[in-house]
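Right, one structure below, let's go through it.
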Amino acid sequence: MPRPFYLPSAFLICFFLFCSYSGFAQPSTQTRNLLPVPAQVKWGTSRFGLKNTWRTQLNAPAAPDSAVRAAAQRLSTWLVQQTDGKRLIPEFTTSGAADLTIRYGRAGRVEAGDEERYSLRVTPAGIALDAPTSLGALRGLETLRQLLTKEKKNFYFSEVDITDQPRFVWRGLLIDAARHFMPVAVIKRNLDGMAAVKLNVLHWHLSDDQGFRVESKTLPRLHEIGSEGQYYTQAQVRDVLSYAAARGIRVIPEFDMPGHATSWLAAYPVLASNDSIYGVAQRWGVLNIAMDPTRETTYQLLDTLIGEMTTLFPDPYFHIGGDENDGRQWRRNPRIVEFMKEKGFMTAKGQPDKHALQTYFNRRILQMVTARGKKMVGWDEILGPGLPPNAVIQSWRGRKGLYEAAKAGHTTILSNGYYIDLNYSAASHYLNDPLPADAPLTAVEKQRILGGEATMWAEFADSVIVDSRIWPRAAAIAERLWSPATVKDVPDMYRRLGGISALLETLGLQHRRAPEKLLTQLAAGQEVAPLRTLASVLEPVKEYKRHFQGMKYTTLTPLNRLVDAAPAESDAAREFGVAVENLLRLRQNAPQTSTALTPEGKVAAVAVATPLRQWQLNDALVRPLLLTQPSLQEYAPLSAQLSSISVLALERLRQMEKGEKPPVAWQNAALKQLDVAKAPAGQAELAMVASVRKLIESK
């Protein structure tokens, strides 16, 4: 056991927390709690305090947009909820004094790329929101929501002058409702979350191998067979479209083709590239099953479906997928190979060229989409010679495709680096820019970068936990797509991300509540706190490693294990890492006259030691639960490792406090123990191992 660690006085701890941590714990004088950060902000020194009434005056044009009044009403209702006990009475007025005055020039259409610019001014006399279009008014109301501040029993808005506009016109979130069906209520509450952080495109992934999720009146077998009973009626689709439009959000449907289409083939076998009969897929992965692009019956059926769905979905853009088709079924079918030879779809080596055949397919689909007045969007696999430049390219494989598409005349969207289902940190997404300063593009080509999209693929997210996989990390991407490129302070982003996470909960998102409920269920009536402590430092394994760690997942596999309750990014581990970095920085900058910790270093060490002591002791508290609950037994090794490496880290802190160098043998043994602790269990891993390693390796 480590020797007792030196504890400095409470005064020194408080002083350290105020001074040394101010870089990430104290509100920035410019950003405060705003996310995304506006383009221009000038803070005053006064405030506008809430009274017993909240009067809103709406100065609308001759042809008003009902969305603004509805948004103002939602804000009023929210203010009443947040100020419960103050007995706030909301009112609308057409003249006279008002707390909030909203003015906009005309109704805006997000699908037309209309302006989202606004100005917001808070003074002691009142609040004024001005915008050229209703879209700007909607964005400004969300900024105003974030300005609400509570001080004891009083509520106020800080004096401020904001001029704001987005950097990119396309700021999207993809929700995959095909792998796991997402009920309308899930879609709606995530639309509320999108509106709160100024995302303006819902990319609705509606078909894949595992499901076709929209009612089709012209081809009813698609939803009758392809959905296995879980689909959106057309009335529900229109309801979602209306809900999104009221929040200034456009909805882009995606129907994936020619690959990722097993559910289509289950309903209409005539689409298949071979003679096999398919059921709706229940396993995950790239199945390499594709439609037959050589038969006219394929295009007749797709033309019927596209005609129906482009009418149902009014947005000018229509997504046809086009990804992850390796062409193996085409190359194995003699009839399709002969078709490719006749068309000259052959490589320089005389082999069938699946890329050329898919480009042929894409051009045929493009004609159908264009004939309905729509712009076709596809993943970057559709990019190839002969693809007309009016096709929009969404890049998921890397910047190379993004830049190639822009140079070829295509407008483009970046999703590479924004795959939030991979469980990467908010920081990694935040620092990923659709248009970095060193982008090898001309000024004209840069204008073709529309923006970006966070993508929430749903192999490992059902309707219960999906919020926790989207939020709050998607808000970091929202800031990258809205705010100026110069806004890139990662510690400040994390500080504000905590605030926006709490706000999202007030809007109905369940990214905090759902994991807590799952932990309570897993505890099965026993004390949940030790299990919560363990879960707080776990993260699901990154990328798609859950597919390859001894458990075969299908569409029927319940997502109700500890790995599903664990956060996509551990705040506890991240904050511990910040504390370690701060301690090591103080040691590096300390005078060289002594190897022991300085007073400031001792206080910094306490910030590191405090969670370590909790983790060290937690194994004894949680182990009885882990060993008695069959669903938790697989996580016992992680709990044991958490305790063991915490002991090692505490010993390293003791050495630092005494000015001792770590013995080489001890250090080598500790590093080997950390290698063992990196191993995942139950498809989860300890998120703080890397920070402990930095501590152990420090000189």
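To be explicit about the labels: the chains of the structure tokens are called A, B, and onward in the order shown, and within each one the residues are counted from 1, while ligands get numbers from 1 in the order they are shown.
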
Mind checking which residues fall within 7 Å of A:Phe318, counting only C-alpha atoms, ignoring those fewer than 4 positions away in the same chain, and posting them as a PDB file with N, CA, C and O atoms, in the first residue's frame?
ATOM      1  N   ILE A 252     -33.184  15.650 -45.141  1.00  0.00           N
ATOM      2  CA  ILE A 252     -32.708  14.980 -46.354  1.00  0.00           C
ATOM      3  C   ILE A 252     -32.901  13.478 -46.165  1.00  0.00           C
ATOM      4  O   ILE A 252     -32.284  12.881 -45.272  1.00  0.00           O
ATOM      5  N   PRO A 253     -33.725  12.830 -46.972  1.00  0.00           N
ATOM      6  CA  PRO A 253     -33.880  11.380 -46.837  1.00  0.00           C
ATOM      7  C   PRO A 253     -32.758  10.649 -47.562  1.00  0.00           C
ATOM      8  O   PRO A 253     -32.252  11.120 -48.591  1.00  0.00           O
ATOM      9  N   GLU A 254     -32.350   9.509 -47.021  1.00  0.00           N
ATOM     10  CA  GLU A 254     -31.398   8.645 -47.732  1.00  0.00           C
ATOM     11  C   GLU A 254     -32.005   7.260 -47.913  1.00  0.00           C
ATOM     12  O   GLU A 254     -32.437   6.628 -46.948  1.00  0.00           O
ATOM     13  N   LYS A 374     -34.759  17.532 -58.249  1.00  0.00           N
ATOM     14  CA  LYS A 374     -33.939  17.338 -57.050  1.00  0.00           C
ATOM     15  C   LYS A 374     -32.448  17.282 -57.399  1.00  0.00           C
ATOM     16  O   LYS A 374     -32.067  16.999 -58.543  1.00  0.00           O
ATOM     17  N   LYS A 375     -31.629  17.521 -56.370  1.00  0.00           N
ATOM     18  CA  LYS A 375     -30.187  17.343 -56.487  1.00  0.00           C
ATOM     19  C   LYS A 375     -29.805  16.034 -55.798  1.00  0.00           C
ATOM     20  O   LYS A 375     -30.180  15.809 -54.646  1.00  0.00           O
ATOM     21  N   MET A 376     -29.077  15.197 -56.488  1.00  0.00           N
ATOM     22  CA  MET A 376     -28.693  13.897 -55.940  1.00  0.00           C
ATOM     23  C   MET A 376     -27.445  14.021 -55.073  1.00  0.00           C
ATOM     24  O   MET A 376     -26.462  14.646 -55.456  1.00  0.00           O
ATOM     25  N   VAL A 377     -27.508  13.422 -53.891  1.00  0.00           N
ATOM     26  CA  VAL A 377     -26.363  13.355 -52.983  1.00  0.00           C
ATOM     27  C   VAL A 377     -25.958  11.899 -52.847  1.00  0.00           C
ATOM     28  O   VAL A 377     -26.817  11.002 -52.801  1.00  0.00           O
TER      29      VAL A 377
END

| task | May I have all residues of stretch 12-132 of chain A that DSSP, computed from the backbone, assigns to strand (DSSP E), given as a VMD selection string? | result | chain A and resid 40 to 49 53 to 59 89 to 93 100 to 106 118 to 123 126 to 132

Could you please take those selected residues and save C-alpha atoms as a compact mmCIF listing (two decimals), in the first residue's frame?
# COMPACT_ATOMS: atom_id res chain seq x y z
CA GLN A 40 -18.94 38.83 -32.87
CA VAL A 41 -19.68 39.39 -29.17
CA LYS A 42 -19.32 42.52 -27.08
CA TRP A 43 -20.23 42.15 -23.41
CA GLY A 44 -21.50 44.96 -21.24
CA THR A 45 -21.37 45.28 -17.48
CA SER A 46 -25.08 45.44 -16.72
CA ARG A 47 -27.94 42.97 -17.08
CA PHE A 48 -31.62 42.57 -17.88
CA GLY A 49 -33.42 40.94 -14.98
CA THR A 53 -44.03 38.86 -16.69
CA TRP A 54 -42.23 37.99 -19.93
CA ARG A 55 -43.67 40.14 -22.71
CA THR A 56 -42.72 39.36 -26.29
CA GLN A 57 -43.42 41.72 -29.16
CA LEU A 58 -43.20 40.26 -32.64
CA ASN A 59 -42.80 42.65 -35.57
CA ILE A 89 -46.29 34.99 -16.74
CA PRO A 90 -45.60 34.94 -20.50
CA GLU A 91 -47.47 37.37 -22.75
CA PHE A 92 -47.44 38.44 -26.40
CA THR A 93 -48.01 42.08 -27.31
CA LEU A 100 -38.17 40.86 -25.96
CA THR A 101 -38.75 42.48 -29.34
CA ILE A 102 -38.29 40.34 -32.45
CA ARG A 103 -38.00 41.83 -35.92
CA TYR A 104 -37.25 40.04 -39.18
CA GLY A 105 -37.51 41.02 -42.82
CA ARG A 106 -39.08 38.01 -44.50
CA TYR A 118 -29.04 37.83 -36.77
CA SER A 119 -28.16 40.46 -34.22
CA LEU A 120 -29.10 40.21 -30.57
CA ARG A 121 -28.81 43.07 -28.11
CA VAL A 122 -29.47 42.80 -24.38
CA THR A 123 -29.64 46.04 -22.40
CA GLY A 126 -34.92 45.15 -22.81
CA ILE A 127 -33.85 42.65 -25.46
CA ALA A 128 -33.92 43.23 -29.23
CA LEU A 129 -33.52 40.46 -31.82
CA ASP A 130 -33.20 41.52 -35.47
CA ALA A 131 -32.67 39.34 -38.53
CA PRO A 132 -33.12 39.61 -42.30

| Top pick for closest residue to A:Arg250, considering A:Leu686, A:Leu305, A:Ala474, A:Leu174 and counting only C-alpha atoms |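 Among A:Leu686, A:Leu305, A:Ala474, A:Leu174, it is A:Leu174 that comes nearest to A:Arg250.
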
| message | Could you list, as a list in words, every residue within 9 Å of stretch 576-591 of chain A, counting only C-alpha atoms and ignoring same-chain residues fewer than 4 positions away? | response |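 In the requested format, the answer is Ser20, Tyr21, Asp571, Ala572, Thr595, Ala596, Leu597, Thr598, Glu600, Gly601, Lys602, Val603, Ala604, Ala605, Ala607, Val608, Pro611, Leu612, Met688, Ala690, Ser691, Val692, Lys694, Leu695 and Ser698 of chain A.
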
| query | Within 6 Å of stretch 531-548 of chain A, counting only C-alpha atoms, which residues qualify if same-chain residues fewer than 5 places away don't, as a PyMOL selection string? | reply | chain A and resi 422-423+563+566-568+570+572-573+622+683-687

| field | DSSP alpha helix (DSSP H) residues within stretch 476-663 of chain A, as a ChimeraX atom specification | value | /A:476-482,490-506,513-523,529-536,562-565,571-589,599-628,636-658

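Using only C-alpha atoms for every distance, the candidate list A:Glu660, A:Asp619, A:Asp176, A:Asp65 yields A:Asp176 as the residue closest to A:Asp462.
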
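Around stretch 635-649 of chain A, within 8 Å and counting only C-alpha atoms, the residues found are Met1, Pro2, Leu534, Leu562, Leu612, Arg613, Trp615, Gln616, Leu617, Asn618, Asp619, Val622, Arg623, Leu626, Leu627, Ala670, Gln673, Leu674, Ala677, Pro680, Ala681, Gly682, Glu685, Leu686, Val692, Leu695 and Ile696 of chain A, once anything fewer than 6 positions away on its own chain is removed.
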
| task | Quote the spacing between atom CA of A:Arg399 and atom CA of A:Ser425 in Å to one decimal place. | result |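 Distance reported for this atom pair: 19.5 Å.
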
| query | Contacts of stretch 219-224 of chain A at 9 Å or less, counting only C-alpha atoms, minus same-chain residues fewer than 2 places along, as an MDAnalysis selection string? | reply | chainID A and resid 211:217 226:232 263:268 301 304:305

| message | If we count only C-alpha atoms and set the cut-off at 8 Å, which residues sit around stretch 406-417 of chain A, ignoring sequence neighbours fewer than 2 positions away in its own chain? Please answer as a PyMOL selection string. | response | chain A and resi 170+389-399+402-404+419+428-429+432+434+441+445-446+448-455

| query | Which one of A:Leu556, A:Leu75, A:Val464, A:Ile500 sits closest to A:Ala185 if you count only C-alpha atoms? | reply |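 The answer is A:Val464, which sits nearest to A:Ala185.
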
Would you tabulate, counting only C-alpha atoms, all residues of stretch 421-517 of chain A that have an atom at most 12 Å from an atom of stretch 187-192 of chain A, showing the closest pair of atoms and their distance in Å to one decimal, sorted by chain then ascending number, as CSV?
residue,atom,partner,partner_atom,distance
A:Met456,CA,A:Asn190,CA,11.6
A:Ser463,CA,A:Ile187,CA,9.4
A:Val464,CA,A:Ile187,CA,12.0
A:Val466,CA,A:Asn190,CA,9.6
A:Asp467,CA,A:Asn190,CA,7.5
A:Ser468,CA,A:Asn190,CA,11.0
A:Arg469,CA,A:Asn190,CA,11.6
A:Ile470,CA,A:Asn190,CA,8.8
A:Trp471,CA,A:Asn190,CA,9.1
A:Pro472,CA,A:Asn190,CA,11.2
A:Ala474,CA,A:Asn190,CA,10.7
A:Ala475,CA,A:Asn190,CA,11.6
A:Leu503,CA,A:Asp192,CA,11.1
A:Leu504,CA,A:Asp192,CA,8.4
A:Glu505,CA,A:Arg189,CA,10.1
A:Thr506,CA,A:Asp192,CA,10.5
A:Leu507,CA,A:Asp192,CA,6.9
A:Gly508,CA,A:Arg189,CA,6.2
A:Leu509,CA,A:Arg189,CA,6.0
A:Gln510,CA,A:Arg189,CA,8.8
A:His511,CA,A:Asn190,CA,10.4

| Of the residues A:Asn274, A:Asn200, A:Gln282, A:Gln655, which is the one nearest to A:Val251, using only C-alpha atoms? | A:Asn200

| Using only C-alpha atoms, which of A:Phe460, A:Leu357, A:Asn52, A:Pro316 sits nearest A:Tyr553? |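 Looking only at the distances to A:Tyr553, the closest residue turns out to be A:Phe460.
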
| query | Smallest atom-to-atom distance to A:Gly279: which of A:Glu342, A:Glu324, A:Asp380, A:Asp209, using only C-alpha atoms? | reply | A:Asp209
